[in-house]
Amino acid sequence: MPAVSKGDGMRGLAVFISDIRNCKSKEAEIKRINKELANIRSKFKGDKALDGYSKKKYVCKLLFIFLLGHDIDFGHMEAVNLLSSNRYTEKQIGYLFISVLVNSNSELIRLINNAIKNDLASRNPTFMGLALHCIANVGSREMAEAFAGEIPKILVAGDTMDSVKQSAALCLLRLYRTSPDLVPMGDWTSRVVHLLNDQHLGVVTAATSLITTLAQKNPEEFKTSVSLAVSRLSRIVTSASTDLQDYTYYFVPAPWLSVKLLRLLQCYPPPEDPAVRGRLTECLETILNKAQEPPKSKKVQHSNAKNAVLFEAISLIIHHDSEPNLLVRACNQLGQFLQHRETNLRYLALESMCTLASSEFSHEAVKTHIETVINALKTERDVSVRQRAVDLLYAMCDRSNAQQIVAEMLSYLETADYSIREEIVLKVAILAEKYAVDYTWYVDTILNLIRIAGDYVSEEVWYRVIQIVINRDDVQGYAAKTVFEALQAPACHENLVKVGGYILGEFGNLIAGDPRSSPLIQFNLLHSKFHLCSVPTRALLLSTYIKFVNLFPEVKTTIQDVLRSDSQLKNADVELQQRAVEYLRLSTVASTDILATVLEEMPPFPERESSILAKLKKKKGPNTVTDLEDAKRERSADVNGGPEPAPASAASTPSPSADLLGLGATPPAPVGPPPSSGGLLVDVFSDSPSAVAPLAPGSEDNFARFVCKNNGVLFENQLLQIGLKSEFRQNLGRMFIFYGNKTSTQFLNFTPTLICSDDLQTNLSLQTKPVDPTVDGGAQVQQVVNIECVSDFTEAPVLNIQFRYGGTFQNVSVKLPITLNKFFQPTEMASQDFFQRWKQLSSPQQEVQNIFKAKHPMDTEITKAKIIGFGSALLEDVDPNPANFVGAGIIHTKTTQIGCLLRLEPNLQAQMYRLTLRTSKETVSQRLCELLSEQF
Amino acid sequence: MIKFFLMVNKQGQTRLSKYYEHVEINKRTLLETEVIKSCLSRSSEQCSFIEFKDFKLIYRQYAALFIVVGVNDTENEMAIYEFIHNFVEVLDEYFSRVSELDVSFFKAVSQVFLSRQSTG
């Protein structure tokens with residue numbers, strides 16, 4: 001054991017320490033230290049060579065002085081000398097001093113590295129241990145450069161002692177964390193995995209930590225660790241509580257090691273081998289069972305350790321998300337903890353349940369605890385626990401319980417801690433929008449939100465309510481009435497004035513028929529708030545007034561009087577003054593028609609990601625709740641009852657209040673190259689101009705697979721997965737592109753770009769908007785592409801994705817499967833009609849024929865499915881030869897509709913097909929024939 | 001993953017600190033002050049986990065001494081919570097009835113235990 005303790009003989013040191021302890025004042029202490037420093041310096045400089053013992057003693061004193069907070073500027077050399085001593089205690093002090101006081105003095109580093117090298121090669125386990133500890137403690141790049149290649153060898157050598165292996169594993173882990181690029185992967189990786197089988201649990205623990213970290217970055221290389229980890233885990237959980245001796249903690253066998261193994265397994269998907277999988281399931285069941293058993297000890301340490309393992313097991317179950325039975329059991333277990341008397345357990349149960357809520361298997365089970373969670377929100381004394389309860393309510397919310405949850409959150413908001421109010425406001429706003437069946441409920445909720453917590457309602461929230469009201473005409477009258485009533489309150493929040501001003505300006509006419517809310521009353525009500533408001537709100541109100549001039553000619557003079565007043569026309573604020581002058585002028589010179597055009601009702605807003613959601617994401621950073629949100633949205637895209645996307649062409653009409661349109665997000669970004677650019681559009685969104693990658697290997701194959709289907713995985717590599725989901729109707733289509741980050745690290749500057757050649761661009765119009773430039777580890781982002789087929793086309797757009805992953809630039813290009821046949825509408829027709837049309841399309845340009853060898857087994861049912869997937873109708877009983885397939889359909893483009901007939905004649909003996917296409921347009925026949933030929 | 005391990009007394013004096021991620025010396029003092037402040041403000045009814053900036057604090061109080069561990073958000077809170085206790089038990093065994101003074105005067109020893117145990 002370390003030498004600084006009692007009875008080691010360093011009397012001088014003991015005396016010095018007790019002197020310091022006895023110092024009555026800071027000054028006395030400094031005086032004593034200076035005296036000692038002078039003494040040591042003279043000793044080190046003295047002619048007489050010091051023996052190891054004295055050197056050790058003085059270095060020790062220096063170390064002590066340094067640890068008291070004083071600078072030490074000498075003694076390094078003596079410490080380095082101690083490293084080459086053969087006595088453990090001297091060497092140890094040397095290393096200790098270096099670990100604590102190392103600096104990048106190059107001269108010394110070389111000496112130190114040399115000494116370490118000798119110790120590593122010494123085969124003396126204690127010396128090797130000291131050297132490894134020193135490397136790990138310093139952990140600098142220089143150290144990594146010198147030893148990163150050496151340590152793996154020590155780690156996997158057969159004759160290395162257990163304690164050294166343990167230190168080597170941890171040391172390597174430390175170096176990998178500081179300089180991953182310097183740790184070479186190689187043969188040793190496969191042998192390191194086998195350390196999981198080691199007899200010494202200390203080695204296993206250290207190795208598990210190392211492998212977990214390595215496996216996160218290089219999952220392929222460490223794949224074999226899964227089965228080994230499972231069998232090790234299984235041996236631990238089934239062992240009797242006394243089997244593991246030192247590693248049993250209060251009757252729990254190796255709790256920390258179990259936690260680490262479970263965490264290692266979370267780097268991988270569920271094991272494919274059924275035997276391994278079964279064994280793992282057994283382990284997890286055993287862990288869940290043990291939670292129900294009576295405790296083996298009354299000590300809190302016992303249950304804490306047991307629960308640590310349990311929580312990690314639940315994390316793994318959630319990570320795998322594949323065993324409904326386990327998920328539900330986990331949920332029930334957490335449900336018990338929700339009412340546990342230990343705050344820590346309640347907190348953790350809420351936190352884990354939050355992730356469980358996102359699994360489709362356990363979502364319902366989580367929902368059964370809603371009352372308990374709501375109760376927690378009301379009664380918990382700890383704000384962090386309440387915060388978790390809010391998160392969980394948010395995560396478990398769906399259409400069935402949205403009204404209840406939103407109501408509870410609103411009532412909690414009245415008393416909520418200031419620190420979490422803004423977040424709750426955002427959450428309420430999002431839930432209210434997402435699950436609104438009835439938009440009057442939505443409007444009520446948001447207005448309530450502003451009433452209760454106006455100060456915490458950020459701009460995004462009130463922007464959003466206006467966007468929604470504008471886009472949904474069924475709620476406009478109600479909204480106008482409700483804001484009008486809300487504005488009656490003697491003191492209302494400025495945000496309410498903003499919403500009220502905007503909505504009445506647009507839809508005040510809808511309630512003007514009621515004498516209680518006549519135009520003049522509306523105006524007076526708004527104007528009564530005017531002077532209490534800040535400049536931006538006043539500016540907004542001025543726009544409302546000019547809109548009133550258009551809506552209600554009867555209040556024109558009143559409004560003109562207001563605009564003309566000195567407080568407006570001569571307002572010190574230049575924005576207000578300008579508005580007043582311009583609006584006044586506009587109202588005087590413009591004819592009714594012009595006014596009506598200029599001040600027309602705002603066009604619907606283009607549908608975009610809720611600005612609130614973006615805000616919540618930004619606020620929380622990488623956060624489970626929002627990730628969850630994405631997962632949830634993806635799972636049930638239809639849950640989102642948001643308004644139908646408005647045409648993206650809703651650029652602002654020339655309106656003096658156009659600045660009101662600046663509601664939050666940027667306008668829909670143009671897709672497709674600007675007219676000037678020749679050839680390819682190179683990444684308009686990225687700040688650094690960078691070339692587009694060549695198509696990823698396999699892109700063509702994947703592309704072909706999508707000709708006859710609309711959904712699936714388009715591209716996948718180790719980092720990124722791209723999934724597609726698309727729907728087409730007539731000449732329009734919408735494609736959802738899902739980008740999944742498969743790693744645990746964020747993607748930065750994530751920029752997908754759609755590239756169309758000039759040619760393609762005139763025939764196919766694509767609209768999309770940029771996605772969030774950061775994609776969190778494990779998260780998925782979605783991009784919607786609105787597609788319009790203007791005319792027939794042959795090429796396909798290219799999707800280029802660029803992002804930064806852990807410092808490296810990634811560039812991927814894939815062909816996006818938007819093909820002409822997607823705009824097919826099937827047409828049913830009788831045999832007679834078919835052949836009549838067939839004959840009509842008999843000119844040589846209209847027919848294209850291709851004879852080709854079958855690439856896949858010739859199966860009638862599959863062929864039928866493919867023709868239907870291709871988009872045409874499959875006509876039965878048309879062709880006299882029942883082995884042949886015929887189809888008919890119409891390709892819809894914006895400009896024309898093109899009738900298509902096709903006939904596919906299989907020849908089983910020759911394993912050949914003959915495909916004939918007849919359409920009214922040569923290019924269409926040609927393209928469809930190409931596309932379909934690839935399918936068989 | 002553990003980011004740092006602190007032992008701080010109620011007066012805010014750091015008795016032991018170990019960082020597993022590089023933090024500049026002058027920032028450490030600031031961080032430690034904030035950490036202990038947020039621990040002191042909590043009552044025994046509150047849970048032992050605090051969300052702190054972009055990571056989590058897990059703390060336990062032993063008489064006047066707080067042991068605080070900073071971890072990232074994938075760490076198992078309960079395991080760390082119990083690890084703290086295990087560490088204290090080891091110190092207790094070694095010093096036979098460990099006290100704050102022991103820790104502060106035998107930093108080196110404590111460091112050795114810590115580095116052996118906190119394999120995270």
# chains A, B, ... in the order shown; residues from 1 in each chain; ligands from 1
>>> interface_residues(of="chain B", to="chain A", cutoff="6 Å", atoms="only C-alpha atoms", output="VMD selection string")
chain B and resid 46 to 47 78 to 79
>>> residues_around(residues="Asp73 (chain B)", least_positions_apart="5", cutoff="9 Å", atoms="only C-alpha atoms", output="CSV table (one decimal) with N, CA and C atoms, in the first residue's frame")
chain,number,residue,atom,x,y,z
B,1,MET,N,-20.7,8.1,-18.4
B,1,MET,CA,-19.2,8.3,-18.2
B,1,MET,C,-19.0,9.4,-17.1
B,54,ASP,N,-25.0,20.8,-19.1
B,54,ASP,CA,-25.3,19.7,-20.0
B,54,ASP,C,-24.9,18.4,-19.4
B,55,PHE,N,-24.8,18.3,-18.1
B,55,PHE,CA,-24.5,17.0,-17.5
B,55,PHE,C,-25.3,16.9,-16.2
B,56,LYS,N,-25.1,15.8,-15.6
B,56,LYS,CA,-25.8,15.5,-14.4
B,56,LYS,C,-24.9,15.4,-13.2
>>> select_by_dssp(residues="region 153-359 of chain A", states="alpha helix (DSSP H)", output="MDAnalysis selection string")
chainID A and resid 153:156 162:178 188:193 201:217 225:238 255:265 274:292 300:320 324:337 343:356
>>> atom_distance(atom1="CA of Glu922 (chain A)", atom2="CA of Ser842 (chain A)")
11.6 Å
>>> residues_around(residues="Gly740 (chain A)", least_positions_apart="4", cutoff="9 Å", atoms="only C-alpha atoms", output="ChimeraX atom specification")
/A:719-723,775,777-782
>>> write_last_selection(atoms="N, CA, C and O atoms", output="short mmCIF file (atom, residue, chain, number, x, y, z; two decimals), in the first residue's frame")
data_model
loop_
_atom_site.label_atom_id
_atom_site.label_comp_id
_atom_site.auth_asym_id
_atom_site.auth_seq_id
_atom_site.Cartn_x
_atom_site.Cartn_y
_atom_site.Cartn_z
N LEU A 719 -23.06 5.03 -40.81
CA LEU A 719 -23.43 6.24 -40.08
C LEU A 719 -24.89 6.59 -40.28
O LEU A 719 -25.58 7.00 -39.35
N LEU A 720 -25.32 6.42 -41.50
CA LEU A 720 -26.55 7.09 -41.90
C LEU A 720 -27.50 6.09 -42.53
O LEU A 720 -27.09 5.20 -43.27
N GLN A 721 -28.77 6.27 -42.22
CA GLN A 721 -29.77 5.49 -42.93
C GLN A 721 -30.77 6.47 -43.53
O GLN A 721 -31.19 7.41 -42.88
N ILE A 722 -31.12 6.23 -44.80
CA ILE A 722 -32.11 7.09 -45.43
C ILE A 722 -33.31 6.23 -45.78
O ILE A 722 -33.20 5.25 -46.52
N GLY A 723 -34.45 6.59 -45.23
CA GLY A 723 -35.68 5.87 -45.53
C GLY A 723 -36.61 6.76 -46.33
O GLY A 723 -36.54 7.98 -46.26
N VAL A 775 -28.09 16.74 -36.37
CA VAL A 775 -28.87 15.53 -36.15
C VAL A 775 -28.24 14.81 -34.97
O VAL A 775 -27.11 14.38 -35.04
N GLY A 777 -27.28 12.10 -32.06
CA GLY A 777 -26.99 10.67 -32.13
C GLY A 777 -28.27 9.87 -31.94
O GLY A 777 -29.04 10.15 -31.04
N GLY A 778 -28.48 8.89 -32.80
CA GLY A 778 -29.66 8.05 -32.66
C GLY A 778 -30.95 8.69 -33.12
O GLY A 778 -32.00 8.06 -33.10
N ALA A 779 -30.91 9.95 -33.51
CA ALA A 779 -32.14 10.63 -33.86
C ALA A 779 -32.43 10.50 -35.34
O ALA A 779 -31.61 10.07 -36.13
N GLN A 780 -33.63 10.88 -35.67
CA GLN A 780 -34.03 10.82 -37.06
C GLN A 780 -34.66 12.15 -37.43
O GLN A 780 -35.44 12.69 -36.65
N VAL A 781 -34.30 12.70 -38.57
CA VAL A 781 -35.00 13.91 -39.01
C VAL A 781 -35.72 13.59 -40.31
O VAL A 781 -35.36 12.68 -41.04
N GLN A 782 -36.73 14.38 -40.53
CA GLN A 782 -37.59 14.10 -41.65
C GLN A 782 -37.59 15.29 -42.58
O GLN A 782 -37.54 16.43 -42.14
#
>>> select_by_dssp(residues="region 688-889 of chain A", states="strand (DSSP E or B)", output="PyMOL selection string")
chain A and resi 695+712-716+720-729+732-741+747-755+764-767+775+780-789+798-805+808-815+824-826+847-853+873-875+885-889
>>> closest_residue(among="A:Ala121, A:Ile801, A:Ile370, A:Val328", to="Thr753 (chain A)", atoms="only C-alpha atoms")
A:Ile801
>>> closest_residue(among="B:Val8, B:Ala63, B:Ile50, B:Val71", to="Glu32 (chain B)", atoms="only C-alpha atoms")
B:Val8
>>> residues_around(residues="Leu393 (chain A)", least_positions_apart="3", cutoff="10 Å", atoms="only C-alpha atoms", output="ChimeraX atom specification")
/A:350,353-354,357,366-367,369-370,373-374,377,387-390,396-398,401-402,405-406,408-409,427
>>> residues_around(residues="Glu77 (chain B)", least_positions_apart="3", cutoff="7 Å", atoms="only C-alpha atoms", output="MDAnalysis selection string")
chainID B and resid 58 80:81
>>> write_last_selection(atoms="N, CA and C atoms", output="short mmCIF file (atom, residue, chain, number, x, y, z; two decimals), in the first residue's frame")
data_model
loop_
_atom_site.label_atom_id
_atom_site.label_comp_id
_atom_site.auth_asym_id
_atom_site.auth_seq_id
_atom_site.Cartn_x
_atom_site.Cartn_y
_atom_site.Cartn_z
N ILE B 58 -24.53 13.83 -9.38
CA ILE B 58 -25.07 12.85 -8.44
C ILE B 58 -24.31 13.07 -7.15
N ILE B 80 -23.88 5.01 -9.88
CA ILE B 80 -22.91 5.99 -9.41
C ILE B 80 -23.21 6.36 -7.96
N TYR B 81 -24.47 6.48 -7.66
CA TYR B 81 -24.89 6.83 -6.31
C TYR B 81 -24.34 5.82 -5.32
#
>>> residues_around(residues="Asn197 (chain A)", least_positions_apart="6", cutoff="10 Å", atoms="only C-alpha atoms", output="number ranges by chain")
A: 203-204, 207, 225, 228-229, 231-232
>>> write_last_selection(atoms="N, CA, C and O atoms", output="JSON list (two decimals), in the first residue's frame")
[["chain", "number", "residue", "atom", "x", "y", "z"],
["A", 203, "VAL", "N", -10.44, -7.73, -14.07],
["A", 203, "VAL", "CA", -10.05, -7.63, -15.47],
["A", 203, "VAL", "C", -11.29, -7.49, -16.34],
["A", 203, "VAL", "O", -11.34, -6.66, -17.25],
["A", 204, "VAL", "N", -12.31, -8.26, -16.02],
["A", 204, "VAL", "CA", -13.54, -8.20, -16.82],
["A", 204, "VAL", "C", -14.13, -6.79, -16.74],
["A", 204, "VAL", "O", -14.52, -6.22, -17.75],
["A", 207, "ALA", "N", -12.05, -4.44, -18.76],
["A", 207, "ALA", "CA", -12.17, -4.73, -20.19],
["A", 207, "ALA", "C", -13.54, -4.28, -20.71],
["A", 207, "ALA", "O", -13.65, -3.75, -21.82],
["A", 225, "SER", "N", -18.30, -9.38, -29.06],
["A", 225, "SER", "CA", -18.40, -9.18, -27.62],
["A", 225, "SER", "C", -19.82, -9.44, -27.12],
["A", 225, "SER", "O", -20.02, -9.70, -25.94],
["A", 228, "LEU", "N", -20.32, -12.98, -25.75],
["A", 228, "LEU", "CA", -19.50, -13.15, -24.54],
["A", 228, "LEU", "C", -20.08, -12.36, -23.38],
["A", 228, "LEU", "O", -20.12, -12.84, -22.24],
["A", 229, "ALA", "N", -20.54, -11.15, -23.67],
["A", 229, "ALA", "CA", -21.11, -10.32, -22.60],
["A", 229, "ALA", "C", -22.37, -10.97, -22.06],
["A", 229, "ALA", "O", -22.61, -10.99, -20.85],
["A", 231, "SER", "N", -23.11, -14.17, -21.99],
["A", 231, "SER", "CA", -22.88, -15.34, -21.15],
["A", 231, "SER", "C", -22.25, -14.93, -19.82],
["A", 231, "SER", "O", -22.55, -15.51, -18.78],
["A", 232, "ARG", "N", -21.41, -13.90, -19.86],
["A", 232, "ARG", "CA", -20.85, -13.43, -18.58],
["A", 232, "ARG", "C", -21.97, -12.89, -17.68],
["A", 232, "ARG", "O", -22.04, -13.21, -16.50]]
>>> closest_residue(among="A:Gly508, A:Gly869, A:Gly75, A:Gly69", to="Lys55 (chain A)", atoms="only C-alpha atoms")
A:Gly75
>>> atom_distance(atom1="CA of His856 (chain A)", atom2="CA of Arg705 (chain A)")
12.7 Å
>>> atom_distance(atom1="CA of Glu861 (chain A)", atom2="CA of Gln849 (chain A)")
22.7 Å
